[in-house]
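Right, one structure below, let's go through it.
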Number of protein chains: 2
Amino acid sequence: MKNLLKINIAFIFVIAAFTSCNNAKSSNGKSGALASNVAEKVYVAPGEHDEFYAFLSGGYSGNLTVYGLPSGRMFKEIPVFSQFPTSGYGYSEETKPMLNTSHGFIPWGDSHHPDISQTNGEIDGRFIFINENNTPRIAKIDLRTFETTEIIEVPNSAGNHSSSFVTENTEYVVAGTRFSIPIPQRDMPIKDYKGNFQGALSFISVAPETGNMDIKFQILMPGFNYDLSHPGRGKSHGWFFFTTYNTEEASTLLEVNASQNDKDFIAAINWKKIEAYVNNGGGTMMPANYAHNVYDEETHTATSTMKKEVRVVNPSEVPGAVYFLPTPKSPHGCDVDPSGEYIVGNGKLSANLTVHSFTKMLDAIENKKFAGEAYGIPILNFEDVLAGSVEQPGLGPLHTEFDGKGNAYTTFFISSEVVKWKLGTWEVLDRQPTFYSVGHLTIPGGNSSKPQGKYMFAMNKITKDRYLPTGPELEHSAQLYDISGDKMELLLDFPTHGEPHYAAAMRADLIKERSQKIYNLEDNKHPYAAKTDADTKVVRKGNEVHIYMTTIRSHFSPDNIEGVKVGDKVYFHITNLEQDFDVPHGFAMIGQNSSELLVMPGQTKTSVWEPKQVGVWPFYCTDFCSALHQEMQGYVRVSAVDSDTPLKWSLGEDIE
Amino acid sequence: MKNLLKINIAFIFVIAAFTSCNNAKSSNGKSGALASNVAEKVYVAPGEHDEFYAFLSGGYSGNLTVYGLPSGRMFKEIPVFSQFPTSGYGYSEETKPMLNTSHGFIPWGDSHHPDISQTNGEIDGRFIFINENNTPRIAKIDLRTFETTEIIEVPNSAGNHSSSFVTENTEYVVAGTRFSIPIPQRDMPIKDYKGNFQGALSFISVAPETGNMDIKFQILMPGFNYDLSHPGRGKSHGWFFFTTYNTEEASTLLEVNASQNDKDFIAAINWKKIEAYVNNGGGTMMPANYAHNVYDEETHTATSTMKKEVRVVNPSEVPGAVYFLPTPKSPHGCDVDPSGEYIVGNGKLSANLTVHSFTKMLDAIENKKFAGEAYGIPILNFEDVLAGSVEQPGLGPLHTEFDGKGNAYTTFFISSEVVKWKLGTWEVLDRQPTFYSVGHLTIPGGNSSKPQGKYMFAMNKITKDRYLPTGPELEHSAQLYDISGDKMELLLDFPTHGEPHYAAAMRADLIKERSQKIYNLEDNKHPYAAKTDADTKVVRKGNEVHIYMTTIRSHFSPDNIEGVKVGDKVYFHITNLEQDFDVPHGFAMIGQNSSELLVMPGQTKTSVWEPKQVGVWPFYCTDFCSALHQEMQGYVRVSAVDSDTPLKWSLGEDIE
């Protein structure tokens, strides 16, 4: 009966969401001169540049997309956790190791929350991190090259959702499990979940110079769901905060069974204290099995190493390091304001918006004012830590960002709106509809002490009629608002790619200045590189044939190859000799069971072809590189396995 | 010596191209009120819709992207020839057969030239066709669902580039080989290319109602390279025209060796004559092996059939069906004006632009005025078929489109510009720079008798500084021009995705009205569909476990499953019970060596998981579907291979 009641409540929320979708189509409500004013605000004239970079997670695409603001144009899709046929990422020999895991090669990931590296609490534009939710991993992308250069798997985790947020000097990128599981994994009845499953919160250290990642420690928490997280900053630097739901520890029909408790928790973790404990030898090394994949820019090659243990810490080992702050109800977003004082817990089934005070939390801890404990972890009193509430601001609050001017902006999924409210007074200042059912929102500089509060964009979960229809499947919609004035002004609808869960954004300057244009051929240390035409050759090793091939406008060297046999494994190692910006060459071989390669200037990449039939088979350049691009082609002669066709190769003259 | 000279000439072209890239950054040169006027022209206010659909080939992405004009926003990427982790295309059991070929499963393709179906010479918006260049195939996308529903492999072809253009009632979609090869394939020296290799031009019939494709016949032509093609229309309906290059029949260093002849040819094919011949039993059935892959919307499943023969026709069998029109020099584009009278051959190494007259061609044929023959095919006199030349219009002409008002627009790769000129007088009317090195251009209604000459967009091959930098790899740039006035006006730069070789575009109305919103659950005939929660079950067949699972906001049914064992092959057959527009659910299982599924309302899709370790493993919904999306999860218990854990499943109550 209770279950039925709750189902009905859930159903009402759903209905509410879809009623809001049926709102009449709305523009910004401007016309004439005002509309032209809005058009100009988002127009970036040919030859001019956008003011901001926005990095949107691809969600179920597994990638990271790069947009410009205010134009809303997508500049690049960076492959991270998924195979990307466009460039050969995850197909080329050099990049396949990036997708290795303890479960073997995985061609897909679910990327959620990008976060840019910081120095002194400000975004520094060096790296961007992003989490994979399904098979838990954290990736690092180098913002000089916009390439994924490191991926580390997170053991003891499942649904790596409260991730990947960085501390104010990028000491750590933090990854929390959404689903609790048996740790270590073991065969046990699902119904024995309660009290047996655990949730791991992982602190991954980032080396200051290189950015190299390593799991420093994992905290083994009670079997709740850890939904989102953010670091403390300024006064709260040294702490990390995680929302929890399913404190009921239900294992089935969570829409009902995990919506029972009036309050769940925000977990406050004093990571500095745990770090000190661990630095003194604290914690336990636990057997584990997880991949650490690193891309080397000099060899243009990734390697995958399996790591065999991880350090785990139980909260009980470090008294005073972990507390629970009661927070209504199934909180989703966990957002910390630029000063580090306020921790906003967006209870998605709560009527009000709850804001905790870091100062009051410390006071309560100091005074040992506890309401009880959960699995040995002290629970603070709701009233003792409450800074204030925004009263009935909307339905289904999810995420909050800040403009650096004392204002907060919260998304409401069910009532489809963004609400602007004031920190400290908790009054609602403005509200604007979103189309439809907004999830995250981003203000450039979001997770930092210095937000750049000129624009805000909402990432909506439902699109329906916002664009020309594209059949049953639609891209998600985003909406850009000008937030420089008292009221938010809707400027632009722009479609996104995949499902952007969160986006990190920043002013363009730092990244733009450091952006790399080519790879120096001189620095190329790929073992199969051919750095001049004189280095090209074809080498047989048993049934492996290695072709050291070069590209330059407008030919391959060699472009005629004979002596390959059916059953051979032919490795095309392509070095692009160009040293000009934006002159890639591509390589494709008819019938190959892999993707093409897209090879940047100075790079070497490798593709494998296993010919199955005798014949003379063509290859060609896949990227229109020059006026004579169509002439950039070649042939490989494939003979029978028992033939005596000698191995020969040439360019510009016949093979004799 | 000759080679060296030619290399220098080629080099000069390259230098010219890159000099043009170094032009100072340029906007549209407007400021103040004029700039705002331009901004308004491309601004599509929130809630309003674009006027045109543009379908841009993805090039080396293998896909087709859908944009709106004039906004330049990308609405969708339709997976065609490449695996698409975002939706599970090419990974799900139902869609893997779409990528089957005679070479086995191929995860990638190089898509080039989309063309929309026509009725009476006008675009009808039913289907869009696109070619795969590398492993020759033609795909059909249904514009009700924006899904790829049919792919046919093209045997005897290699580098399927002069494709996929439709005749004026979509009688045929035509696919011509770029590279000539031995037909049938055989082991032979590459140097014996000349006189031995052949080029196949394929005419693929399209059934009027269903759109089903079938190769009606292939014409086996001399061993040239067939670069591009277009159908006759109006008076020239019944003919098809193909540009050729490499009439030198070189097989190595083509940038030099295929640039020797002063003129190459346009091949004019009277397909009606060959069709009549074939309908009377003409031609030869030749053994072949090629895949025909069809997606069934009712079962939501593709099947792949291997076809074993193809009808081939030698031009000598059908006198009067094939002629060569001499055309300077290595012509690339082959474009027919809306009236069908003019055939423009863009000789990419030619100083002038050559336009042939269909009427004069017929006259010359009737009067048997031949300059000679090549492999038995009559060569007409250049002067006899010449309608006129545009004198020295620019460097490196590639492609031409028409505005339906008597004007033509040609792209020039080397001098980086679009030139507008007048049909009949051949005078240059306007020129506008492109940034940089333009390839194709598109005017909506392009390949039809009724172009919609309001906008034109150029698809550029080189991007360099046009957008915020994204490291060594950049998206290609496109530029939108207003062509409604006497002079072209540059409106907007917008980045593209992959490499758009060509785009088909049309007014939105026809497609928009027919766009499908959901799949009717009632019509779902997938053999593993569960159409209600009552149909859900888990069935073991040996070591295969079939899970008939449903999704509806906000749960999976079942969500607890036990009795799966290490070594099992677990099939998740997910049916999305939703019947609302834009409510997909996703499905992901930790550690699976495949992608997620994105399941549209009413659809069933299947993913395979082969668990390797005992434990309790979570799955979840990957598409944020509702306020309680985060609660939409479940667990599968995996026991040891020799365990006796019984197979059980549940939702909302514990497994006992």
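Numbering starts fresh at 1 for the residues of each chain in the structure tokens, the chains themselves are lettered A, B, ... in the order given, and ligands are numbered from 1 as they appear.
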List every residue of segment 358-426 of chain A that DSSP, applied to the backbone of this structure, places in strand (DSSP E), and write the result as number ranges by chain.
A: 370-374, 377-380, 386-390, 397-402, 407-412, 417-422
Near-Ile574 of chain B list (7 Å; only C-alpha atoms; drop same-chain fewer than 6 positions) as number ranges by chain
B: 548-550, 604-606
Name all residues at most 7 Å from Ile78 of chain A (count only C-alpha atoms; drop same-chain ones fewer than 3 positions away) and give them as a ChimeraX atom specification.
/A:63-65,146-147
Please extract the residues of segment 479-540 of chain A with a backbone DSSP assignment of helix (DSSP H, G or I) and present them as a PyMOL selection string.
chain A and resi 509-514+521-523+533-535
Shell around Asn289 of chain A at 10 Å using only C-alpha atoms, local window under 6 positions removed, as a list in words:
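My list of contacting residues is Thr101, Ser102, His103, Glu153, Val154, Pro155, Asn156, Met306, Lys307, Lys308, Glu309 and Val310 of chain A.
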Distance criterion (only C-alpha atoms): nearest to Gly159 of chain A out of A:His497, A:His112, A:Arg126, A:Arg637
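Of A:His497, A:His112, A:Arg126, A:Arg637, the one nearest Gly159 of chain A, counting only C-alpha atoms, is A:His112.
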Would you mind listing what lies within 7 Å of Glu150 of chain B as a PyMOL selection string, with only C-alpha atoms counted and same-chain residues fewer than 3 positions away left out?
chain B and resi 139-140+293-295
Deliver the residues from the most recent selection as a file, using all heavy atoms, as an mmCIF file, in the first residue's frame.
```cif
data_model
loop_
_atom_site.group_PDB
_atom_site.id
_atom_site.type_symbol
_atom_site.label_atom_id
_atom_site.label_comp_id
_atom_site.auth_asym_id
_atom_site.auth_seq_id
_atom_site.Cartn_x
_atom_site.Cartn_y
_atom_site.Cartn_z
ATOM 1 N N ALA B 139 24.056 3.455 -49.032
ATOM 2 C CA ALA B 139 23.088 3.350 -47.940
ATOM 3 C C ALA B 139 21.869 4.190 -48.238
ATOM 4 O O ALA B 139 21.939 5.192 -48.963
ATOM 5 C CB ALA B 139 23.716 3.827 -46.637
ATOM 6 N N LYS B 140 20.773 3.776 -47.658
ATOM 7 C CA LYS B 140 19.532 4.542 -47.744
ATOM 8 C C LYS B 140 19.070 4.871 -46.334
ATOM 9 O O LYS B 140 19.043 3.990 -45.455
ATOM 10 C CB LYS B 140 18.459 3.719 -48.459
ATOM 11 C CG LYS B 140 17.166 4.472 -48.732
ATOM 12 C CD LYS B 140 16.125 3.562 -49.368
ATOM 13 C CE LYS B 140 15.638 2.566 -48.349
ATOM 14 N NZ LYS B 140 14.860 1.474 -48.939
ATOM 15 N N ASN B 293 22.047 -5.484 -46.819
ATOM 16 C CA ASN B 293 21.632 -5.406 -45.415
ATOM 17 C C ASN B 293 20.373 -4.555 -45.295
ATOM 18 O O ASN B 293 20.357 -3.420 -45.753
ATOM 19 C CB ASN B 293 22.753 -4.795 -44.573
ATOM 20 C CG ASN B 293 24.087 -5.480 -44.816
ATOM 21 O OD1 ASN B 293 24.125 -6.673 -45.114
ATOM 22 N ND2 ASN B 293 25.179 -4.731 -44.705
ATOM 23 N N VAL B 294 19.362 -5.127 -44.690
ATOM 24 C CA VAL B 294 18.066 -4.446 -44.621
ATOM 25 C C VAL B 294 17.585 -4.394 -43.179
ATOM 26 O O VAL B 294 17.606 -5.407 -42.476
ATOM 27 C CB VAL B 294 17.019 -5.174 -45.504
ATOM 28 C CG1 VAL B 294 15.662 -4.486 -45.415
ATOM 29 C CG2 VAL B 294 17.494 -5.232 -46.949
ATOM 30 N N TYR B 295 17.191 -3.215 -42.763
ATOM 31 C CA TYR B 295 16.655 -3.021 -41.415
ATOM 32 C C TYR B 295 15.135 -3.063 -41.490
ATOM 33 O O TYR B 295 14.522 -2.335 -42.272
ATOM 34 C CB TYR B 295 17.120 -1.672 -40.869
ATOM 35 C CG TYR B 295 16.719 -1.414 -39.438
ATOM 36 C CD1 TYR B 295 17.450 -1.953 -38.385
ATOM 37 C CD2 TYR B 295 15.608 -0.624 -39.127
ATOM 38 C CE1 TYR B 295 17.084 -1.722 -37.066
ATOM 39 C CE2 TYR B 295 15.242 -0.388 -37.816
ATOM 40 C CZ TYR B 295 15.976 -0.937 -36.789
ATOM 41 O OH TYR B 295 15.619 -0.711 -35.486
#
```
For Asp623 of chain A, find every residue with an atom within 8 Å (counting only C-alpha atoms), except residues of its own chain fewer than 4 positions away, and show them as a list in words.
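Close residues of Asp623 of chain A: Pro584, His585, Gly586, Leu598 and His629 of chain A; Tyr60 and Glu499 of chain B.
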Just the residues within 7 Å of segment 456-462 of chain B, please, counting only C-alpha atoms, with nothing from its chain fewer than 4 positions along; format it as a ChimeraX atom specification.
/A:582,624 /B:435-443,476-483,500
Print the selection's residues with N, CA, C and O atoms to a file, as a short mmCIF file (atom, residue, chain, number, x, y, z; two decimals), in the first residue's frame.
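The resulting file, part-v8.cif, is shown below:
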```cif
data_model
loop_
_atom_site.label_atom_id
_atom_site.label_comp_id
_atom_site.auth_asym_id
_atom_site.auth_seq_id
_atom_site.Cartn_x
_atom_site.Cartn_y
_atom_site.Cartn_z
N ASP A 582 47.09 22.12 -39.46
CA ASP A 582 45.85 21.73 -40.14
C ASP A 582 46.09 21.06 -41.50
O ASP A 582 45.36 21.30 -42.45
N PHE A 624 40.79 15.36 -47.46
CA PHE A 624 41.06 16.17 -48.66
C PHE A 624 42.17 17.17 -48.34
O PHE A 624 41.95 18.20 -47.72
N PHE B 435 37.13 30.61 -46.48
CA PHE B 435 38.21 30.42 -45.50
C PHE B 435 38.14 28.99 -44.99
O PHE B 435 37.33 28.69 -44.15
N TYR B 436 39.04 28.10 -45.50
CA TYR B 436 39.96 28.23 -46.60
C TYR B 436 39.80 27.01 -47.49
O TYR B 436 39.46 25.94 -47.01
N SER B 437 40.21 27.15 -48.75
CA SER B 437 40.32 26.00 -49.64
C SER B 437 39.02 25.19 -49.70
O SER B 437 38.92 24.06 -49.20
N VAL B 438 38.06 25.78 -50.34
CA VAL B 438 36.72 25.19 -50.39
C VAL B 438 36.70 23.94 -51.26
O VAL B 438 37.37 23.87 -52.29
N GLY B 439 35.92 22.94 -50.81
CA GLY B 439 35.67 21.74 -51.60
C GLY B 439 34.30 21.87 -52.27
O GLY B 439 34.14 22.64 -53.21
N HIS B 440 33.33 21.15 -51.75
CA HIS B 440 31.98 21.25 -52.31
C HIS B 440 31.27 22.51 -51.83
O HIS B 440 31.69 23.16 -50.87
N LEU B 441 30.17 22.80 -52.49
CA LEU B 441 29.22 23.81 -52.04
C LEU B 441 27.82 23.24 -52.26
O LEU B 441 27.64 22.28 -53.02
N THR B 442 26.85 23.80 -51.56
CA THR B 442 25.47 23.32 -51.70
C THR B 442 24.50 24.48 -51.75
O THR B 442 24.60 25.42 -50.96
N ILE B 443 23.59 24.39 -52.69
CA ILE B 443 22.38 25.22 -52.69
C ILE B 443 21.23 24.27 -52.47
O ILE B 443 21.16 23.22 -53.14
N HIS B 476 36.42 20.79 -39.83
CA HIS B 476 36.37 21.58 -41.06
C HIS B 476 35.36 22.72 -40.89
O HIS B 476 34.41 22.60 -40.13
N SER B 477 35.57 23.78 -41.63
CA SER B 477 34.69 24.94 -41.51
C SER B 477 33.74 25.01 -42.70
O SER B 477 34.08 24.63 -43.81
N ALA B 478 32.56 25.48 -42.44
CA ALA B 478 31.61 25.77 -43.52
C ALA B 478 31.26 27.24 -43.44
O ALA B 478 31.41 27.87 -42.39
N GLN B 479 30.81 27.78 -44.55
CA GLN B 479 30.42 29.19 -44.57
C GLN B 479 29.11 29.34 -45.32
O GLN B 479 28.93 28.79 -46.40
N LEU B 480 28.23 30.09 -44.70
CA LEU B 480 26.90 30.32 -45.27
C LEU B 480 26.83 31.69 -45.93
O LEU B 480 27.23 32.70 -45.33
N TYR B 481 26.32 31.72 -47.16
CA TYR B 481 26.16 32.96 -47.92
C TYR B 481 24.69 33.16 -48.27
O TYR B 481 23.98 32.20 -48.60
N ASP B 482 24.27 34.40 -48.23
CA ASP B 482 22.98 34.79 -48.78
C ASP B 482 23.19 35.00 -50.28
O ASP B 482 24.02 35.83 -50.68
N ILE B 483 22.45 34.27 -51.12
CA ILE B 483 22.61 34.45 -52.58
C ILE B 483 21.32 34.96 -53.21
O ILE B 483 21.10 34.80 -54.41
N PRO B 500 32.69 17.01 -44.31
CA PRO B 500 31.55 17.00 -45.22
C PRO B 500 32.02 17.15 -46.66
O PRO B 500 32.54 18.20 -47.04
#
```
Compare A:Ala588, A:Ile138, A:Leu468, A:Val538 by their minimum atom-to-atom distance to Phe494 of chain A, counting only C-alpha atoms, and give me the closest one.
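Closest candidate: A:Leu468.
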I'd like to know which of A:Thr434, A:Leu254, A:Asn447, A:Met221 is closest to Gly376 of chain A, using only C-alpha atoms.
A:Met221
Go through B:Lys96, B:Thr135, B:Glu383, B:Leu201 one by one, measure the shortest atom-to-atom distance of each to Asn593 of chain A using only C-alpha atoms, and give the residue with the smallest value.
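Comparing B:Lys96, B:Thr135, B:Glu383, B:Leu201 against Asn593 of chain A, the winner is B:Thr135.
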Go ahead and compute the interatomic distance for atom CA of Tyr172 of chain B and atom CA of Pro97 of chain B, in Å to one decimal.
24.1 Å
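Proximity to Phe556 of chain A was assessed for A:Glu610, A:Glu631, A:Asp142, A:Glu209 counting only C-alpha atoms; the smallest distance is recorded for A:Glu631.
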Of the residues A:Gly195, A:Gly446, A:Pro208, A:Pro451, which is the one nearest to Gly223 of chain A, using only C-alpha atoms?
A:Gly195
By how many Å are atom CA of Gly394 of chain A and atom CA of Asp430 of chain A apart?
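Here the two named atoms are 11.7 Å from each other.
Between atom CA of His526 of chain A and atom CA of Glu297 of chain A the separation is 9.4 Å.
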